[in-house]
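Novice: To be precise about what I am sending: the file is called query.txt and holds compact mmCIF, C-alpha atoms.
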# COMPACT_ATOMS: atom_id res chain seq x y z
CA MET A 1281 15.21 -148.67 -44.67
CA VAL A 1282 14.51 -145.00 -45.28
CA THR A 1283 11.00 -143.65 -44.80
CA MET A 1284 10.13 -140.48 -46.69
CA THR A 1285 7.00 -138.37 -46.46
CA ALA A 1286 5.75 -135.93 -49.05
CA SER A 1287 6.38 -132.29 -48.33
CA PRO A 1288 3.21 -130.42 -47.38
CA LEU A 1289 1.66 -128.25 -50.05
CA PHE A 1290 0.89 -124.61 -49.44
CA GLY A 1291 -1.14 -121.85 -51.07
CA PHE A 1292 -2.43 -122.61 -54.54
CA ASP A 1293 -0.53 -125.89 -54.73
CA ALA A 1294 -2.66 -127.09 -51.82
CA ALA A 1295 -5.81 -125.68 -53.46
CA ALA A 1296 -5.21 -127.33 -56.84
CA PRO A 1297 -6.91 -130.70 -56.17
CA ARG A 1298 -10.14 -129.01 -55.07
CA PHE A 1299 -10.04 -125.95 -57.36
CA ASP A 1300 -12.64 -127.06 -59.92
CA ALA A 1301 -14.90 -128.67 -57.34
CA ASP A 1302 -14.98 -125.49 -55.23
CA GLU A 1303 -16.02 -123.50 -58.27
CA ARG A 1304 -18.64 -125.95 -59.53
CA GLY A 1305 -22.14 -124.75 -58.72
CA ASN A 1306 -21.04 -121.27 -57.63
CA ARG A 1307 -23.54 -119.14 -59.50
CA VAL A 1308 -21.60 -115.90 -59.05
CA LEU A 1309 -18.42 -117.42 -60.50
CA GLU A 1310 -20.40 -118.93 -63.38
CA HIS A 1311 -21.79 -115.48 -64.14
CA MET A 1312 -18.32 -113.92 -63.94
CA ARG A 1313 -16.74 -116.55 -66.20
CA ALA A 1314 -19.46 -116.08 -68.80
CA ARG A 1315 -18.89 -112.33 -68.91
CA VAL A 1316 -15.11 -112.64 -69.04
CA PHE A 1317 -15.38 -115.13 -71.90
CA GLN A 1318 -17.45 -112.61 -73.85
CA GLU A 1319 -14.68 -110.06 -73.30
CA LEU A 1320 -12.08 -112.54 -74.53
CA LYS A 1321 -14.12 -113.19 -77.67
CA ALA A 1322 -14.45 -109.45 -78.29
CA ALA A 1323 -10.74 -108.77 -77.78
CA PHE A 1324 -9.15 -111.66 -79.70
CA LEU A 1325 -9.80 -113.03 -83.17
CA ARG A 1326 -10.31 -116.72 -83.76
CA GLY A 1327 -6.96 -118.51 -84.01
CA ALA A 1328 -5.07 -115.95 -81.90
CA ARG A 1329 -1.85 -116.74 -80.03
CA LEU A 1330 -2.29 -115.79 -76.37
CA LEU A 1331 -0.52 -115.73 -73.01
CA GLU A 1332 -2.45 -116.60 -69.87
CA LEU A 1333 -1.04 -115.17 -66.66
CA GLY A 1334 -2.23 -117.40 -63.83
CA SER A 1335 -3.59 -120.41 -65.67
CA GLY A 1336 -5.40 -121.93 -62.72
CA THR A 1337 -6.64 -125.34 -63.85
CA GLY A 1338 -6.98 -124.18 -67.45
CA THR A 1339 -10.73 -123.61 -67.58
CA GLU A 1340 -10.63 -120.58 -69.87
CA ALA A 1341 -7.68 -121.72 -71.95
CA ALA A 1342 -9.39 -125.04 -72.68
CA ARG A 1343 -12.50 -123.25 -73.87
CA LEU A 1344 -10.56 -120.80 -76.02
CA VAL A 1345 -8.70 -123.68 -77.65
CA SER A 1346 -11.79 -125.81 -78.24
CA GLU A 1347 -14.28 -123.12 -79.25
CA ARG A 1348 -12.08 -120.41 -80.78
CA ASP A 1349 -9.15 -122.37 -82.26
CA MET A 1350 -6.68 -120.34 -80.20
CA ARG A 1351 -3.28 -121.45 -78.92
CA VAL A 1352 -2.17 -120.47 -75.44
CA ALA A 1353 1.10 -120.26 -73.51
CA LEU A 1354 0.30 -121.00 -69.87
CA LEU A 1355 2.00 -119.36 -66.86
CA ASP A 1356 1.36 -120.03 -63.21
CA SER A 1357 3.36 -119.73 -60.02
CA SER A 1358 1.74 -122.97 -58.79
CA ALA A 1359 3.28 -126.12 -60.29
CA GLU A 1360 0.20 -128.14 -59.29
CA LEU A 1361 -2.24 -125.80 -61.02
CA LEU A 1362 -0.02 -125.55 -64.09
CA LEU A 1363 0.10 -129.32 -64.46
CA ARG A 1364 -3.69 -129.55 -64.32
CA ALA A 1365 -4.09 -126.70 -66.79
CA THR A 1366 -1.67 -128.23 -69.28
CA THR A 1367 -3.42 -131.59 -69.09
CA LYS A 1368 -6.87 -130.04 -69.48
CA VAL A 1369 -5.96 -127.87 -72.48
CA ARG A 1370 -4.05 -130.62 -74.27
CA GLY A 1371 -7.08 -132.82 -73.76
CA MET A 1372 -8.95 -130.40 -76.00
CA ARG A 1373 -6.21 -130.19 -78.63
CA GLU A 1374 -2.62 -131.34 -78.35
CA ASP A 1375 -1.17 -128.31 -80.12
CA GLY A 1376 -3.38 -125.91 -78.16
CA VAL A 1377 -0.61 -125.40 -75.59
CA LEU A 1378 2.26 -123.29 -76.92
CA GLY A 1379 4.20 -123.85 -73.71
CA SER A 1380 3.81 -124.31 -69.96
CA HIS A 1381 5.89 -122.11 -67.70
CA HIS A 1382 6.21 -122.31 -63.92
CA LEU A 1383 6.66 -118.57 -63.49
CA ALA A 1384 5.22 -115.67 -61.56
CA ALA A 1385 3.56 -113.06 -63.75
CA ARG A 1386 6.30 -110.53 -62.99
CA ALA A 1387 8.78 -112.84 -64.78
CA VAL A 1388 6.79 -113.02 -68.02
CA GLY A 1389 9.38 -110.86 -69.79
CA SER A 1390 11.88 -113.71 -69.48
CA LEU A 1391 9.90 -115.50 -72.21
CA ALA A 1392 10.79 -112.93 -74.89
CA PRO A 1393 13.92 -114.89 -75.94
CA VAL A 1394 11.81 -118.07 -76.07
CA TYR A 1395 8.97 -116.82 -78.25
CA GLY A 1396 10.35 -113.62 -79.74
CA ARG A 1397 9.26 -110.03 -79.37
CA GLY A 1398 5.71 -109.24 -80.39
CA SER A 1399 4.93 -112.92 -80.95
CA PHE A 1400 1.54 -112.90 -79.18
CA ASP A 1401 -1.76 -111.33 -80.23
CA GLY A 1402 -2.59 -110.67 -76.60
CA ALA A 1403 -2.68 -111.86 -73.03
CA TYR A 1404 -5.26 -112.31 -70.31
CA SER A 1405 -5.46 -112.91 -66.58
CA SER A 1406 -8.72 -113.73 -64.84
CA PHE A 1407 -9.94 -113.47 -61.26
CA GLY A 1408 -6.93 -112.15 -59.45
CA PRO A 1409 -3.61 -113.84 -60.29
CA LEU A 1410 -2.13 -110.36 -60.70
CA ASN A 1411 -3.13 -109.61 -57.11
CA CYS A 1412 -0.33 -111.96 -56.10
CA GLU A 1413 2.15 -109.45 -57.54
CA PRO A 1414 3.63 -106.76 -55.27
CA ALA A 1415 3.86 -104.41 -58.27
CA LEU A 1416 2.26 -104.43 -61.72
CA GLU A 1417 4.98 -102.50 -63.57
CA PRO A 1418 7.22 -105.57 -64.17
CA VAL A 1419 4.22 -107.42 -65.59
CA ALA A 1420 3.44 -104.53 -67.93
CA ARG A 1421 7.04 -104.28 -69.13
CA GLY A 1422 7.19 -107.99 -69.85
CA LEU A 1423 3.91 -107.97 -71.74
CA ALA A 1424 5.05 -104.96 -73.78
CA GLU A 1425 7.91 -107.16 -75.01
CA LEU A 1426 5.70 -110.10 -75.93
CA VAL A 1427 2.41 -108.63 -77.17
CA ARG A 1428 2.47 -107.20 -80.68
CA PRO A 1429 1.53 -103.56 -81.33
CA GLY A 1430 -2.24 -103.47 -81.77
CA GLY A 1431 -2.70 -106.49 -79.52
CA ALA A 1432 -4.76 -106.47 -76.34
CA LEU A 1433 -4.90 -107.53 -72.72
CA VAL A 1434 -8.02 -108.64 -70.85
CA LEU A 1435 -7.47 -108.44 -67.10
CA SER A 1436 -9.77 -109.00 -64.15
CA ILE A 1437 -8.07 -107.82 -60.99
CA ILE A 1438 -9.43 -107.71 -57.44
CA ASN A 1439 -10.32 -104.10 -56.74
CA ARG A 1440 -9.07 -102.11 -53.75
CA TRP A 1441 -12.56 -100.79 -53.02
CA CYS A 1442 -15.55 -103.06 -52.35
CA PRO A 1443 -18.31 -101.47 -50.24
CA VAL A 1444 -20.38 -104.69 -50.26
CA GLU A 1445 -17.53 -106.63 -48.69
CA THR A 1446 -16.75 -103.88 -46.20
CA ALA A 1447 -20.39 -103.68 -45.13
CA TRP A 1448 -20.74 -107.44 -44.83
CA PHE A 1449 -17.75 -107.90 -42.55
CA ALA A 1450 -18.55 -104.76 -40.54
CA LEU A 1451 -22.09 -105.98 -39.88
CA HIS A 1452 -20.61 -109.21 -38.53
CA GLY A 1453 -18.07 -107.38 -36.36
CA GLU A 1454 -15.10 -108.60 -38.42
CA TRP A 1455 -13.36 -105.25 -38.58
CA HIS A 1456 -9.97 -106.52 -39.75
CA ASP A 1457 -11.51 -108.21 -42.77
CA ALA A 1458 -13.75 -105.20 -43.41
CA ALA A 1459 -10.65 -103.05 -44.00
CA ARG A 1460 -8.33 -105.70 -45.44
CA ARG A 1461 -8.15 -104.21 -48.94
CA TRP A 1462 -7.10 -100.76 -47.80
CA GLY A 1463 -3.57 -101.47 -46.62
CA ASP A 1464 -0.42 -102.52 -48.40
CA SER A 1465 -1.01 -106.27 -48.48
CA VAL A 1466 -2.69 -109.08 -46.57
CA LEU A 1467 -2.46 -112.84 -46.23
CA ALA A 1468 -5.45 -114.49 -47.90
CA ALA A 1469 -6.68 -118.06 -48.29
CA ALA A 1470 -6.24 -119.87 -51.60
CA TYR A 1471 -9.48 -121.82 -51.10
CA PRO A 1472 -12.60 -121.52 -48.91
CA GLY A 1473 -11.76 -122.28 -45.31
CA GLY A 1474 -8.07 -122.73 -46.07
CA PRO A 1475 -5.14 -121.20 -44.22
CA LYS A 1476 -4.31 -117.60 -44.98
CA ASP A 1477 -0.92 -118.17 -46.59
CA VAL A 1478 -1.09 -116.28 -49.89
CA ARG A 1479 0.31 -112.73 -49.86
CA THR A 1480 -2.20 -110.52 -51.70
CA TRP A 1481 -2.16 -106.92 -52.96
CA TYR A 1482 -5.24 -104.97 -54.07
CA TYR A 1483 -5.27 -102.44 -56.92
CA SER A 1484 -7.62 -99.67 -58.02
CA ARG A 1485 -8.28 -98.90 -61.66
CA ARG A 1486 -6.01 -95.86 -61.34
CA ASP A 1487 -3.20 -98.10 -60.04
CA ILE A 1488 -3.62 -100.40 -63.03
CA GLU A 1489 -3.70 -97.62 -65.62
CA ARG A 1490 -0.59 -96.01 -64.12
CA ALA A 1491 1.33 -99.30 -64.12
CA PHE A 1492 0.51 -100.21 -67.73
CA SER A 1493 1.02 -96.81 -69.36
CA PRO A 1494 2.38 -95.63 -71.71
CA GLU A 1495 2.70 -98.97 -73.56
CA PHE A 1496 -0.96 -99.85 -73.00
CA ARG A 1497 -4.18 -97.84 -72.69
CA VAL A 1498 -7.54 -98.86 -71.20
CA GLU A 1499 -10.22 -99.26 -73.88
CA HIS A 1500 -13.01 -100.73 -71.78
CA ALA A 1501 -13.71 -101.29 -68.09
CA GLU A 1502 -16.61 -102.69 -66.11
CA ALA A 1503 -17.51 -103.85 -62.63
CA LEU A 1504 -17.37 -107.60 -62.10
CA PRO A 1505 -19.76 -108.25 -60.46
CA LEU A 1506 -21.69 -105.17 -59.34
CA LEU A 1507 -25.18 -106.17 -58.23
CA LEU A 1508 -24.29 -109.74 -57.30
CA PRO A 1509 -22.30 -110.45 -54.13
CA PRO A 1510 -18.64 -111.54 -54.20
CA PRO A 1511 -18.19 -115.24 -55.05
CA TYR A 1512 -17.54 -116.27 -51.43
CA LEU A 1513 -21.05 -114.99 -50.56
CA ASP A 1514 -22.70 -117.18 -53.19
CA PHE A 1515 -24.90 -118.76 -50.50
CA LEU A 1516 -26.91 -115.52 -50.52
CA VAL A 1517 -27.82 -116.16 -54.16
CA ALA A 1518 -29.09 -119.61 -53.24
CA ARG A 1519 -31.07 -118.13 -50.34
CA PHE A 1520 -32.77 -115.44 -52.46
CA PRO A 1521 -32.87 -116.92 -55.99
CA ALA A 1522 -35.64 -114.71 -57.39
CA LEU A 1523 -34.00 -111.49 -56.27
CA PHE A 1524 -30.56 -112.36 -57.56
CA GLY A 1525 -31.98 -113.88 -60.73
CA ALA A 1526 -33.50 -110.49 -61.55
CA LEU A 1527 -30.30 -108.67 -60.64
CA GLU A 1528 -28.23 -111.05 -62.77
CA ARG A 1529 -30.26 -110.19 -65.86
CA VAL A 1530 -29.52 -106.45 -65.61
CA GLU A 1531 -26.01 -106.77 -64.16
CA PRO A 1532 -24.06 -106.71 -67.48
CA TRP A 1533 -25.77 -103.50 -68.61
CA VAL A 1534 -25.47 -101.69 -65.27
CA ALA A 1535 -21.86 -102.75 -64.74
CA ARG A 1536 -20.83 -100.96 -67.95
CA ARG A 1537 -22.26 -97.59 -66.88
CA PRO A 1538 -19.53 -94.93 -66.47
CA VAL A 1539 -20.25 -94.28 -62.80
CA PHE A 1540 -19.36 -97.91 -61.95
CA ARG A 1541 -16.35 -98.36 -64.22
CA GLY A 1542 -13.85 -96.58 -62.04
CA SER A 1543 -12.55 -97.52 -58.64
CA LEU A 1544 -15.92 -97.35 -56.87
CA ALA A 1545 -17.70 -100.58 -56.15
CA PRO A 1546 -16.88 -103.95 -57.67
CA PRO A 1547 -15.07 -106.86 -56.03
CA PHE A 1548 -13.24 -107.20 -59.36
CA ALA A 1549 -12.46 -104.68 -62.08
CA ALA A 1550 -12.48 -106.15 -65.59
CA LEU A 1551 -10.47 -104.20 -68.15
CA ARG A 1552 -9.65 -104.54 -71.83
CA ILE A 1553 -6.33 -102.83 -72.47
CA ALA A 1554 -4.93 -102.09 -75.92
CA ARG A 1555 -1.24 -102.34 -76.82
CA GLY A 1556 0.04 -99.09 -78.30
CA SER A 1557 2.03 -98.86 -81.48
CA CYS A 1558 5.24 -97.80 -79.78
CA ARG A 1559 8.54 -99.03 -81.19
CA TRP A 1560 11.02 -101.25 -79.39
CA ALA A 1561 14.48 -99.93 -78.69
What is this structure when it is put down as structure tokens?

Specialist:
Amino acid sequence: MVTMTASPLFGFDAAAPRFDADERGNRVLEHMRARVFQELKAAFLRGARLLELGSGTGTEAARLVSERDMRVALLDSSAELLLRATTKVRGMREDGVLGSHHLAARAVGSLAPVYGRGSFDGAYSSFGPLNCEPALEPVARGLAELVRPGGALVLSIINRWCPVETAWFALHGEWHDAARRWGDSVLAAAYPGGPKDVRTWYYSRRDIERAFSPEFRVEHAEALPLLLPPPYLDFLVARFPALFGALERVEPWVARRPVFRGSLAPPFAALRIARGSCRWA
């Protein structure tokens, strides 16, 4: 008799079973998802063909398919997350999934022979999958192959600079975490309280613009969030509901002001990036 045990799961594979439950009830994440969905609606016409880099469990793709008649090709470096995303989106509409690809974002260009050059109206990546990439240039080159001229990207990427986070950890004497975004890369947890086993890089808006030019140009940028705390400090919102309720109402307007759209303050930077009309070789 042979006894076999399942291999342990790491990183986002280990986080997959609890991913939706961890997010449920997090008021900051609910606020962020609502704002990102508005950006997706503004960037892409109903019925668009899209790529999602870092599908997670498919929350946004499922909504785009069900509410906007879009079709989405899903990519994720986690097989467990990708499986859940594919199941969730197909539950909305069977033909809503153009394909499911167990790939890192930097390998997205390998899909050009599968779908054809310029075969997508756009692409999006929400809440930091691109922070798992050591460089953004390969992602940009791949997307330039796949997104048609005139198409768009909507990206929310964890910012290099976050004074709220720095202040919070410094006040609690956690100096390493206070400065964690400033270096080359760190190991971060894939879920609250989990092991720090996900290599993570942080990018400023200038880093992003440099990586995606000249094929793409930034059309719109905003802080996400600005007045609310980072999602992992959501307990503060529950502790002071009146204060944060008032801040939440003015947050979308303030976050779009020019002084906050650069590399100054937000935990995340949300950008809408337009595909130029350059020709392929």

Novice: How many Å separate atom CA of A:Ala1365 from atom CA of A:Gly1305?

Specialist: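 These two atoms are separated by 19.9 Å.
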
Novice: Closest to A:Ala1432 among A:Ala1503, A:Leu1355, A:Val1388, A:Val1498, using all atoms listed in the file?

Specialist: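 For A:Ala1432, the nearest of the candidates is A:Val1498.
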
Novice: Work out how far apart atom CA of A:Arg1428 and atom CA of A:Gly1396 are and give it in Å to one decimal.

Specialist: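 The value is 10.2 Å.
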
Novice: What's around A:Leu1423 at 7 Å? Count all atoms listed in the file, leave out sequence neighbours fewer than 3 positions away in its own chain, and write the answer as a list in words.

Specialist: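 The residues satisfying every condition are Val1388, Gly1389, Val1419, Ala1420, Leu1426 and Val1427 of chain A.
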
Novice: Dump C-alpha atoms for the selected residues as a PDB file, in the frame of the given file?

Specialist:
ATOM      1  CA  VAL A1388       6.790-113.020 -68.020  1.00  0.00           C
ATOM      2  CA  GLY A1389       9.380-110.860 -69.790  1.00  0.00           C
ATOM      3  CA  VAL A1419       4.220-107.420 -65.590  1.00  0.00           C
ATOM      4  CA  ALA A1420       3.440-104.530 -67.930  1.00  0.00           C
ATOM      5  CA  LEU A1426       5.700-110.100 -75.930  1.00  0.00           C
ATOM      6  CA  VAL A1427       2.410-108.630 -77.170  1.00  0.00           C
TER       7      VAL A1427
END

Novice: Sorted by chain and rising residue number, which residues of stretch 1459-1480 of chain A lie within 9 Å of stretch 1402-1412 of chain A, and what are their closest atom pairs and distances in Å to one decimal, counting only C-alpha atoms, as CSV?

Specialist:
residue,atom,partner,partner_atom,distance
A:Val1478,CA,A:Cys1412,CA,7.6
A:Arg1479,CA,A:Cys1412,CA,6.3
A:Thr1480,CA,A:Cys1412,CA,5.0

Novice: One decimal, Å: what's the distance from atom CA of A:Phe1449 over to atom CA of A:Pro1505, could you say?

Specialist: 18.0 Å

Novice: Using all atoms listed in the file, which of A:Ala1328, A:Ala1295, A:Ile1553, A:Leu1527 sits nearest A:Leu1433?

Specialist: A:Ile1553
